[in-house]
Amino acid sequence: MIEVERLTIGYGERVVLERLDFTIARGQVFAILGGSGCGKSTLLRHLIGLEAPMGGAIRIAGAPPVQEAGPPAYGVLFQSGALFGSMTLAENVALPLRTWTTLDPQAVDTIVRAKLRLVGLEGFENHLPAEISGGMKKRAGIARALALDPPLLFLDEPSAGLDPVSSVELDQLLLTLNRSLGMTTVIVTHELQSIFAVADACIMLDRGARGIIARGHPAELRDHSGDARVRAFFNRLPSAT
Amino acid sequence: MEGADTSGFRVERIDLAGGRSALRFVGELRFRECFDAWGRVRELLAPAPPRLELDVSGLEGMDGGATALLLELRSEAAAAGSDAAIVGAAGRVQSMLELYGGHPRRPSLLAPPATIGILEQIGQETRSLLNESNALDFVGDTLLAGAQAARRPGRVNWRAVPRLMERAGADGIPIVLMINFLVGLVTGFQAALQLEQFGANIFVADLVGLSVTRELAPLMTAIIIAGRSGAAFSAEIGTMRVSEEIDALRTLGLDPFHFLVFPRVLALTLVAPLLTILADVIGILGGLLVAMFSLDLTFHAYLAETEKALDLFDVFSGILKSAVFGLNVALIACQRGLATRGGAEGVGRATTSAVVTSLFAIVVVDAIFTVIFHAFGR
Ligand SMILES: Nc1ncnc2c1ncn2[C@@H]1O[C@H](COP(=O)(O)OP(=O)(O)OP(=O)(O)O)[C@@H](O)[C@H]1O
Ligand SMILES: [Mg+2]
């Protein structure tokens, strides 16, 4: 589904990650791990075509990702949520539906409510983003990303700021969507529990190495990695660097 | 034996045999108190001994800032050629030293932002006002998006236009009326002072009518629009930019030009002429008031003279001009908004720049119109 070849990314002159190679299979839940500031969000912004790579190539279903006007091929949750501040939660979720479907307003409303219920925000339809908490913004962002039932979903730290119960519920939601709709999911996360619960495969990035230091099934990485940084991550140890 | 004595803590330098020296700290090291005296403590490092011990065994406690200063003192001594070590740490002092000293030093990834002098800043601002390369990109993007919109007009968020017109137009009416009334009044008064000397009172109507409809009303209205709507648009779009809302729009397949820029451009292009018509009327009314109360002209005489002085072209040239002013303000404000970088400060910069550039553009466009009209003999 997604192929990344010798990808080098950064801002201006500064390289953040270089020569990345990985593929994400259709229907997979793929986790991108790594310490704070190692470039996970940057990688995600490139995967969805918001930034142009410094080198290498990205192909999603065979074509380079480009953001142009047209029905979106994937749903995205930004790390900040990025809800439209002047619209209520319901309007936020309804926007892609109103733009890209010909459903009548009542049908849109039904779907919007269902999506908000899915992330536990029933009753908050008419709140503005400024009137809800950080974790709720994240969940509303997920509802918006799911609005069009995209075949591919990108989530930047969906469970950051969520309590353990909501976090487990979110994992369940992602698993169900993945298993029943075959939704390919790329997820940036630090939550060990989520990783083991949902991820089929993962890569681990490192700021010092400016690249991938480990890849595979999360359990393999936890149990069989020779790399001290990987072991430190999975065993919640303070790192030496 | 020398020493530095301050409130809360004491330091003394003890020079021992064999090139060994010790700085002995006693008491509580709190950075707020020891900071004043720190210069004196650093003076104790000189002359640099071959071996230096920073003896902290006498310390009862030490806070975070003080720990950082102490570690820096060790580095300084090492840089000056001493073999420096912190000795005698125990308990809380020991754990603070481990906490702060445990991380290896790394160089800054970026150079600190350069501080620039006021003259350089003036130079930079002037240059950025004149050379707007990304403004050209914007013009290109606008044309491209405009071509797409012409093919698929349904893509543009026309539904936002009435609301935007209300905000830019209806909400702006009181201030437009007030300012243009005063402008008409002042113009009338200045004209009256001069014309009275020649007994040419009635020509106040000509002067006010012409200057208000041709220049003053469009110009003042455009300035108000730049200050109100131009600033609002760039702040709004700039905030959306820095909070990733523009990126989110794009991931939903919505073009920021279709969704944000075109509705605003249309709204201001429509609203500016409407406000200018109101401004024309109220400006002439201002002149009328002066004529009636200080020149003893009658209401009818004044209006009849105004009608004689103005032809349709005077009024329409002003209104046409104002539409172009509105278009300009909207385009500049949206461009500055979309080009916003950084956080809250970036939004502030974008807003300032939108207003300043709009005012500049308004005056330039006005001059161009004057030249063109002149060429056609009007
Ligand atoms: N807009 C930007 N301009 C320049 N450099 C940036 C920008 N955004 C991020 N960076 C740099 O890119 C690097 C990676 O940032 P990124 O946000 O991708 O990290 P991350 O892995 O998502 O971290 P976190 O887990 O904290 O979200 C950081 O070192 C940061 O300094
Ligand atoms: Mg991030």
# chains A, B, ... in the order shown; residues from 1 in each chain; ligands from 1

call {"tool": "residues_around", "arguments": {"residues": "region 271-288 of chain B", "least_positions_apart": "3", "cutoff": "6 Å", "atoms": "only C-alpha atoms", "output": "PyMOL selection string"}}
result
chain B and resi 169+180-181+184-185+188+209+213+217-218+267-268+291+319+322-323+326

call {"tool": "write_last_selection", "arguments": {"atoms": "N, CA and C atoms", "output": "compact mmCIF listing (two decimals), in the first residue's frame"}}
result
# COMPACT_ATOMS: atom_id res chain seq x y z
N GLY B 169 -18.98 44.33 5.80
CA GLY B 169 -19.80 45.43 5.34
C GLY B 169 -20.70 46.00 6.42
N ASN B 180 -16.43 59.32 7.19
CA ASN B 180 -16.66 60.04 5.95
C ASN B 180 -17.49 61.31 6.16
N PHE B 181 -18.36 61.28 7.16
CA PHE B 181 -19.09 62.50 7.51
C PHE B 181 -18.10 63.58 7.95
N GLY B 184 -16.11 64.90 5.03
CA GLY B 184 -16.89 65.86 4.24
C GLY B 184 -16.98 67.20 4.94
N LEU B 185 -17.17 67.13 6.25
CA LEU B 185 -17.28 68.34 7.06
C LEU B 185 -15.98 69.15 6.99
N GLY B 188 -15.41 70.60 3.54
CA GLY B 188 -16.31 71.72 3.34
C GLY B 188 -15.82 72.95 4.08
N GLY B 209 -18.25 67.89 -3.45
CA GLY B 209 -18.83 66.81 -4.26
C GLY B 209 -17.77 66.08 -5.05
N THR B 213 -16.48 62.22 -3.97
CA THR B 213 -16.83 61.07 -4.81
C THR B 213 -15.63 60.51 -5.56
N ALA B 217 -13.93 59.56 -0.52
CA ALA B 217 -14.78 58.47 -0.04
C ALA B 217 -14.19 57.09 -0.37
N PRO B 218 -13.78 56.86 -1.64
CA PRO B 218 -13.17 55.55 -1.92
C PRO B 218 -11.93 55.29 -1.07
N ALA B 267 -16.22 38.80 -1.25
CA ALA B 267 -16.93 39.59 -0.25
C ALA B 267 -16.41 41.03 -0.22
N LEU B 268 -15.09 41.20 -0.18
CA LEU B 268 -14.56 42.57 -0.09
C LEU B 268 -14.76 43.33 -1.39
N ALA B 291 -22.02 74.22 4.65
CA ALA B 291 -22.56 75.25 3.76
C ALA B 291 -23.78 75.92 4.38
N ILE B 319 -16.46 54.52 -7.47
CA ILE B 319 -16.98 53.22 -7.06
C ILE B 319 -16.18 52.08 -7.68
N SER B 322 -13.01 51.72 -5.85
CA SER B 322 -13.16 51.10 -4.53
C SER B 322 -13.27 49.59 -4.66
N ALA B 323 -13.87 49.10 -5.76
CA ALA B 323 -13.93 47.65 -5.95
C ALA B 323 -12.52 47.09 -6.08
N GLY B 326 -10.88 46.99 -2.72
CA GLY B 326 -11.38 45.86 -1.92
C GLY B 326 -10.70 44.56 -2.35

call {"tool": "closest_atom_pairs", "arguments": {"of": "chain A", "to": "ligand 1", "cutoff": "9 Å", "atoms": "only C-alpha atoms and all ligand atoms", "output": "Markdown table"}}
result
| residue | atom | partner | partner_atom_place_in_ligand_line | distance |
| --- | --- | --- | --- | --- |
| A:Gly10 | CA | ligand 1 | 12 (O) | 6.8 |
| A:Tyr11 | CA | ligand 1 | 4 (C) | 5.0 |
| A:Gly12 | CA | ligand 1 | 4 (C) | 7.2 |
| A:Arg14 | CA | ligand 1 | 5 (N) | 7.7 |
| A:Val15 | CA | ligand 1 | 12 (O) | 8.4 |
| A:Val16 | CA | ligand 1 | 13 (C) | 5.8 |
| A:Leu17 | CA | ligand 1 | 14 (C) | 8.5 |
| A:Leu33 | CA | ligand 1 | 21 (O) | 8.3 |
| A:Gly34 | CA | ligand 1 | 21 (O) | 6.6 |
| A:Gly35 | CA | ligand 1 | 25 (O) | 6.0 |
| A:Ser36 | CA | ligand 1 | 25 (O) | 3.6 |
| A:Gly37 | CA | ligand 1 | 19 (O) | 3.5 |
| A:Cys38 | CA | ligand 1 | 21 (O) | 4.0 |
| A:Gly39 | CA | ligand 1 | 18 (O) | 3.1 |
| A:Lys40 | CA | ligand 1 | 21 (O) | 3.7 |
| A:Ser41 | CA | ligand 1 | 22 (O) | 3.7 |
| A:Thr42 | CA | ligand 1 | 18 (O) | 3.7 |
| A:Leu43 | CA | ligand 1 | 18 (O) | 6.4 |
| A:Leu44 | CA | ligand 1 | 18 (O) | 7.9 |
| A:Arg45 | CA | ligand 1 | 18 (O) | 8.4 |
| A:Gln79 | CA | ligand 1 | 27 (O) | 7.0 |
| A:Asp156 | CA | ligand 1 | 22 (O) | 7.9 |
| A:Glu157 | CA | ligand 1 | 27 (O) | 7.7 |
| A:Val188 | CA | ligand 1 | 22 (O) | 8.1 |
| A:Thr189 | CA | ligand 1 | 25 (O) | 7.9 |
| A:His190 | CA | ligand 1 | 25 (O) | 7.7 |
| A:Leu205 | CA | ligand 1 | 21 (O) | 8.3 |
| A:Asp206 | CA | ligand 1 | 21 (O) | 8.8 |
| A:Arg207 | CA | ligand 1 | 29 (O) | 7.8 |

call {"tool": "write_last_selection", "arguments": {"atoms": "N, CA and C atoms", "output": "mmCIF file, in the first residue's frame"}}
result
data_model
loop_
_atom_site.group_PDB
_atom_site.id
_atom_site.type_symbol
_atom_site.label_atom_id
_atom_site.label_comp_id
_atom_site.auth_asym_id
_atom_site.auth_seq_id
_atom_site.Cartn_x
_atom_site.Cartn_y
_atom_site.Cartn_z
ATOM 1 N N GLY A 10 13.470 16.666 5.893
ATOM 2 C CA GLY A 10 13.968 17.668 6.830
ATOM 3 C C GLY A 10 13.306 18.997 6.579
ATOM 4 N N TYR A 11 13.824 20.013 7.243
ATOM 5 C CA TYR A 11 13.294 21.357 7.073
ATOM 6 C C TYR A 11 14.418 22.251 6.577
ATOM 7 N N GLY A 12 14.207 22.951 5.495
ATOM 8 C CA GLY A 12 15.243 23.827 4.960
ATOM 9 C C GLY A 12 16.463 22.999 4.615
ATOM 10 N N ARG A 14 18.211 21.471 7.009
ATOM 11 C CA ARG A 14 18.470 20.515 8.077
ATOM 12 C C ARG A 14 17.777 19.182 7.828
ATOM 13 N N VAL A 15 18.613 18.126 7.777
ATOM 14 C CA VAL A 15 18.075 16.784 7.585
ATOM 15 C C VAL A 15 17.573 16.259 8.926
ATOM 16 N N VAL A 16 16.357 15.767 8.963
ATOM 17 C CA VAL A 16 15.837 15.181 10.199
ATOM 18 C C VAL A 16 15.975 13.660 10.154
ATOM 19 N N LEU A 17 15.591 13.064 9.039
ATOM 20 C CA LEU A 17 15.730 11.610 8.873
ATOM 21 C C LEU A 17 16.278 11.354 7.474
ATOM 22 N N LEU A 33 7.499 4.353 15.839
ATOM 23 C CA LEU A 33 7.918 4.623 17.215
ATOM 24 C C LEU A 33 9.180 5.469 17.214
ATOM 25 N N GLY A 34 9.491 5.984 18.387
ATOM 26 C CA GLY A 34 10.727 6.746 18.510
ATOM 27 C C GLY A 34 10.581 7.842 19.525
ATOM 28 N N GLY A 35 11.710 8.307 20.019
ATOM 29 C CA GLY A 35 11.707 9.311 21.076
ATOM 30 C C GLY A 35 11.146 10.636 20.591
ATOM 31 N N SER A 36 10.845 11.502 21.536
ATOM 32 C CA SER A 36 10.305 12.817 21.210
ATOM 33 C C SER A 36 11.312 13.598 20.374
ATOM 34 N N GLY A 37 10.821 14.197 19.309
ATOM 35 C CA GLY A 37 11.688 15.035 18.485
ATOM 36 C C GLY A 37 12.501 14.284 17.458
ATOM 37 N N CYS A 38 12.254 12.972 17.280
ATOM 38 C CA CYS A 38 13.072 12.229 16.329
ATOM 39 C C CYS A 38 12.552 12.378 14.904
ATOM 40 N N GLY A 39 11.381 12.923 14.731
ATOM 41 C CA GLY A 39 10.906 13.191 13.368
ATOM 42 C C GLY A 39 9.690 12.381 12.954
ATOM 43 N N LYS A 40 8.949 11.856 13.904
ATOM 44 C CA LYS A 40 7.779 11.043 13.563
ATOM 45 C C LYS A 40 6.701 11.882 12.868
ATOM 46 N N SER A 41 6.406 13.039 13.454
ATOM 47 C CA SER A 41 5.379 13.888 12.837
ATOM 48 C C SER A 41 5.848 14.383 11.470
ATOM 49 N N THR A 42 7.142 14.681 11.392
ATOM 50 C CA THR A 42 7.690 15.127 10.117
ATOM 51 C C THR A 42 7.508 14.044 9.056
ATOM 52 N N LEU A 43 7.807 12.796 9.426
ATOM 53 C CA LEU A 43 7.639 11.683 8.489
ATOM 54 C C LEU A 43 6.177 11.580 8.053
ATOM 55 N N LEU A 44 5.280 11.716 9.019
ATOM 56 C CA LEU A 44 3.853 11.617 8.701
ATOM 57 C C LEU A 44 3.429 12.722 7.727
ATOM 58 N N ARG A 45 3.927 13.939 7.956
ATOM 59 C CA ARG A 45 3.571 15.053 7.065
ATOM 60 C C ARG A 45 4.047 14.783 5.643
ATOM 61 N N GLN A 79 -1.214 15.834 15.208
ATOM 62 C CA GLN A 79 -0.822 15.740 16.613
ATOM 63 C C GLN A 79 -1.588 16.765 17.454
ATOM 64 N N ASP A 156 -1.507 10.707 14.363
ATOM 65 C CA ASP A 156 -0.322 11.167 15.088
ATOM 66 C C ASP A 156 -0.646 11.215 16.583
ATOM 67 N N GLU A 157 -0.114 10.257 17.312
ATOM 68 C CA GLU A 157 -0.312 10.144 18.761
ATOM 69 C C GLU A 157 -1.785 10.276 19.161
ATOM 70 N N VAL A 188 1.374 6.860 14.895
ATOM 71 C CA VAL A 188 2.533 7.291 15.674
ATOM 72 C C VAL A 188 2.121 7.221 17.127
ATOM 73 N N THR A 189 2.876 6.500 17.929
ATOM 74 C CA THR A 189 2.466 6.403 19.330
ATOM 75 C C THR A 189 3.644 6.100 20.236
ATOM 76 N N HIS A 190 3.442 6.439 21.505
ATOM 77 C CA HIS A 190 4.423 6.102 22.534
ATOM 78 C C HIS A 190 3.859 5.061 23.487
ATOM 79 N N LEU A 205 12.378 4.861 15.051
ATOM 80 C CA LEU A 205 13.279 5.898 14.561
ATOM 81 C C LEU A 205 14.151 6.380 15.711
ATOM 82 N N ASP A 206 15.293 6.940 15.350
ATOM 83 C CA ASP A 206 16.164 7.478 16.395
ATOM 84 C C ASP A 206 16.748 8.796 15.940
ATOM 85 N N ARG A 207 16.781 9.741 16.869
ATOM 86 C CA ARG A 207 17.234 11.081 16.515
ATOM 87 C C ARG A 207 18.718 11.096 16.180
#

call {"tool": "interface_residues", "arguments": {"of": "chain A", "to": "chain B", "cutoff": "7 Å", "atoms": "only C-alpha atoms", "output": "PyMOL selection string"}}
result
chain A and resi 67-72+76+82-84+96

call {"tool": "atom_distance", "arguments": {"atom1": "CA of Leu310 (chain B)", "atom2": "CA of Leu216 (chain B)"}}
result
14.6 Å

call {"tool": "select_by_dssp", "arguments": {"residues": "region 32-127 of chain A", "states": "strand (DSSP E)", "output": "JSON, numbers by chain"}}
result
{"A": [32, 33, 34, 55, 56, 57, 58, 59, 60, 75, 76, 77]}

call {"tool": "select_by_dssp", "arguments": {"residues": "region 185-374 of chain B", "states": "alpha helix (DSSP H)", "output": "ChimeraX atom specification"}}
result
/B:185-197,204-211,217-225,231-242,245-251,256,262-294,299-309,312-338,344-374

call {"tool": "write_last_selection", "arguments": {"atoms": "C-alpha atoms", "output": "compact mmCIF listing (two decimals), in the first residue's frame"}}
result
# COMPACT_ATOMS: atom_id res chain seq x y z
CA LEU B 185 -17.28 68.34 7.06
CA VAL B 186 -13.57 69.16 7.20
CA THR B 187 -13.28 69.43 3.43
CA GLY B 188 -16.31 71.72 3.34
CA PHE B 189 -14.91 73.85 6.10
CA GLN B 190 -11.50 74.24 4.48
CA ALA B 191 -13.12 75.08 1.16
CA ALA B 192 -15.46 77.57 2.81
CA LEU B 193 -12.58 79.46 4.41
CA GLN B 194 -10.99 80.05 1.01
CA LEU B 195 -14.05 80.51 -1.16
CA GLU B 196 -15.68 83.00 1.22
CA GLN B 197 -12.87 85.46 0.46
CA VAL B 204 -18.17 74.61 -1.84
CA ALA B 205 -20.68 72.14 -3.24
CA ASP B 206 -18.50 71.53 -6.34
CA LEU B 207 -15.37 71.11 -4.32
CA VAL B 208 -16.84 68.78 -1.73
CA GLY B 209 -18.83 66.81 -4.26
CA LEU B 210 -15.89 66.20 -6.57
CA SER B 211 -13.24 65.45 -3.98
CA ALA B 217 -14.78 58.47 -0.04
CA PRO B 218 -13.17 55.55 -1.92
CA LEU B 219 -9.84 56.16 -0.21
CA MET B 220 -11.11 56.55 3.34
CA THR B 221 -13.41 53.57 2.95
CA ALA B 222 -10.59 51.43 1.61
CA ILE B 223 -8.38 52.44 4.52
CA ILE B 224 -11.11 51.45 6.97
CA ILE B 225 -11.58 48.13 5.17
CA ALA B 231 -6.36 42.68 9.56
CA ALA B 232 -9.14 40.25 10.47
CA PHE B 233 -8.60 38.05 7.41
CA SER B 234 -4.87 37.78 7.80
CA ALA B 235 -5.09 37.10 11.54
CA GLU B 236 -7.76 34.49 10.99
CA ILE B 237 -5.98 32.67 8.18
CA GLY B 238 -2.62 33.10 9.91
CA THR B 239 -3.94 31.44 13.05
CA MET B 240 -5.37 28.62 10.97
CA ARG B 241 -1.97 28.26 9.35
CA VAL B 242 0.00 27.98 12.58
CA GLU B 245 -5.89 23.93 10.25
CA ILE B 246 -4.82 24.80 6.70
CA ASP B 247 -2.99 21.48 6.51
CA ALA B 248 -6.09 19.74 7.81
CA LEU B 249 -8.16 21.44 5.11
CA ARG B 250 -5.82 20.11 2.47
CA THR B 251 -5.97 16.58 3.85
CA PRO B 256 -7.49 26.83 0.84
CA PHE B 262 -12.06 33.35 -2.98
CA PRO B 263 -15.04 33.91 -0.67
CA ARG B 264 -13.09 36.67 1.07
CA VAL B 265 -11.97 38.26 -2.17
CA LEU B 266 -15.52 38.25 -3.51
CA ALA B 267 -16.93 39.59 -0.25
CA LEU B 268 -14.56 42.57 -0.09
CA THR B 269 -14.86 43.34 -3.80
CA LEU B 270 -18.61 43.59 -3.38
CA VAL B 271 -18.62 45.30 -0.02
CA ALA B 272 -16.15 48.09 -0.80
CA PRO B 273 -18.31 49.75 -3.52
CA LEU B 274 -21.42 49.47 -1.36
CA LEU B 275 -19.69 51.15 1.54
CA THR B 276 -18.27 53.76 -0.81
CA ILE B 277 -21.78 54.71 -2.02
CA LEU B 278 -22.78 55.31 1.60
CA ALA B 279 -19.56 57.25 2.12
CA ASP B 280 -20.34 59.46 -0.90
CA VAL B 281 -23.73 60.35 0.46
CA ILE B 282 -22.62 61.03 4.02
CA GLY B 283 -19.55 62.98 2.87
CA ILE B 284 -21.69 65.31 0.76
CA LEU B 285 -24.01 65.65 3.72
CA GLY B 286 -21.04 66.79 5.82
CA GLY B 287 -20.25 69.49 3.26
CA LEU B 288 -23.91 70.49 3.17
CA LEU B 289 -23.93 71.02 6.89
CA VAL B 290 -20.97 73.42 6.68
CA ALA B 291 -22.56 75.25 3.76
CA MET B 292 -25.86 75.67 5.55
CA PHE B 293 -24.54 76.74 8.92
CA SER B 294 -21.43 78.74 8.13
CA PHE B 299 -30.33 73.03 1.27
CA HIS B 300 -31.75 73.18 -2.24
CA ALA B 301 -29.12 75.49 -3.64
CA TYR B 302 -26.38 73.24 -2.35
CA LEU B 303 -27.88 70.07 -3.76
CA ALA B 304 -28.64 71.71 -7.09
CA GLU B 305 -25.03 72.88 -7.36
CA THR B 306 -23.75 69.43 -6.40
CA GLU B 307 -25.90 67.89 -9.09
CA LYS B 308 -24.58 70.35 -11.65
CA ALA B 309 -20.96 69.73 -10.65
CA LEU B 312 -22.04 60.05 -13.53
CA PHE B 313 -18.41 59.39 -14.35
CA ASP B 314 -17.19 61.06 -11.16
CA VAL B 315 -19.34 58.82 -9.02
CA PHE B 316 -18.72 55.63 -10.96
CA SER B 317 -14.97 56.11 -11.25
CA GLY B 318 -14.85 56.30 -7.46
CA ILE B 319 -16.98 53.22 -7.06
CA LEU B 320 -14.97 51.26 -9.61
CA LYS B 321 -11.79 52.27 -7.86
CA SER B 322 -13.16 51.10 -4.53
CA ALA B 323 -13.93 47.65 -5.95
CA VAL B 324 -10.29 47.35 -6.98
CA PHE B 325 -9.21 48.54 -3.53
CA GLY B 326 -11.38 45.86 -1.92
CA LEU B 327 -9.95 43.17 -4.21
CA ASN B 328 -6.45 44.32 -3.35
CA VAL B 329 -6.97 44.33 0.38
CA ALA B 330 -8.51 40.85 0.34
CA LEU B 331 -5.76 39.34 -1.82
CA ILE B 332 -2.98 40.86 0.25
CA ALA B 333 -4.57 39.88 3.56
CA CYS B 334 -5.09 36.28 2.43
CA GLN B 335 -1.58 36.04 1.03
CA ARG B 336 -0.05 37.29 4.28
CA GLY B 337 -2.27 34.95 6.27
CA LEU B 338 -1.30 31.89 4.25
CA ALA B 344 1.55 33.97 17.87
CA GLU B 345 4.30 36.39 16.91
CA GLY B 346 4.08 35.22 13.30
CA VAL B 347 0.36 35.96 13.27
CA GLY B 348 1.06 39.45 14.60
CA ARG B 349 3.68 40.01 11.93
CA ALA B 350 1.36 38.77 9.20
CA THR B 351 -1.41 41.08 10.36
CA THR B 352 0.82 44.14 10.54
CA SER B 353 2.26 43.36 7.16
CA ALA B 354 -1.19 42.82 5.65
CA VAL B 355 -2.39 46.23 6.80
CA VAL B 356 0.78 48.10 5.85
CA THR B 357 1.03 46.47 2.44
CA SER B 358 -2.68 47.05 1.80
CA LEU B 359 -2.36 50.76 2.56
CA PHE B 360 0.65 50.96 0.30
CA ALA B 361 -1.18 49.14 -2.48
CA ILE B 362 -4.26 51.33 -2.11
CA VAL B 363 -2.23 54.47 -2.62
CA VAL B 364 -0.35 52.98 -5.58
CA VAL B 365 -3.56 51.78 -7.24
CA ASP B 366 -5.12 55.17 -6.66
CA ALA B 367 -2.19 56.87 -8.35
CA ILE B 368 -2.46 54.48 -11.31
CA PHE B 369 -6.16 55.24 -11.66
CA THR B 370 -5.48 58.97 -11.55
CA VAL B 371 -2.94 58.65 -14.35
CA ILE B 372 -5.28 56.52 -16.46
CA PHE B 373 -8.24 58.85 -15.96
CA HIS B 374 -6.04 61.79 -16.76

call {"tool": "residues_around", "arguments": {"residues": "Asp109 (chain A)", "least_positions_apart": "4", "cutoff": "12 Å", "atoms": "only C-alpha atoms", "output": "list in words"}}
result
Leu89, Ala90, Glu91, Asn92, Val93, Ala94, Leu95, Leu97, Arg98, Leu103, Asp104, Pro105, Arg113, Ala114, Lys115, Leu116, Glu125, Asn126 and Ala147 of chain A

call {"tool": "atom_distance", "arguments": {"atom1": "CA of Met96 (chain B)", "atom2": "CA of Arg74 (chain B)"}}
result
15.1 Å

call {"tool": "atom_distance", "arguments": {"atom1": "CA of Ile24 (chain A)", "atom2": "CA of His217 (chain A)"}}
result
12.5 Å

call {"tool": "residues_around", "arguments": {"residues": "Gly216 (chain A)", "least_positions_apart": "3", "cutoff": "8 Å", "atoms": "only C-alpha atoms", "output": "ChimeraX atom specification"}}
result
/A:201-203,220-221
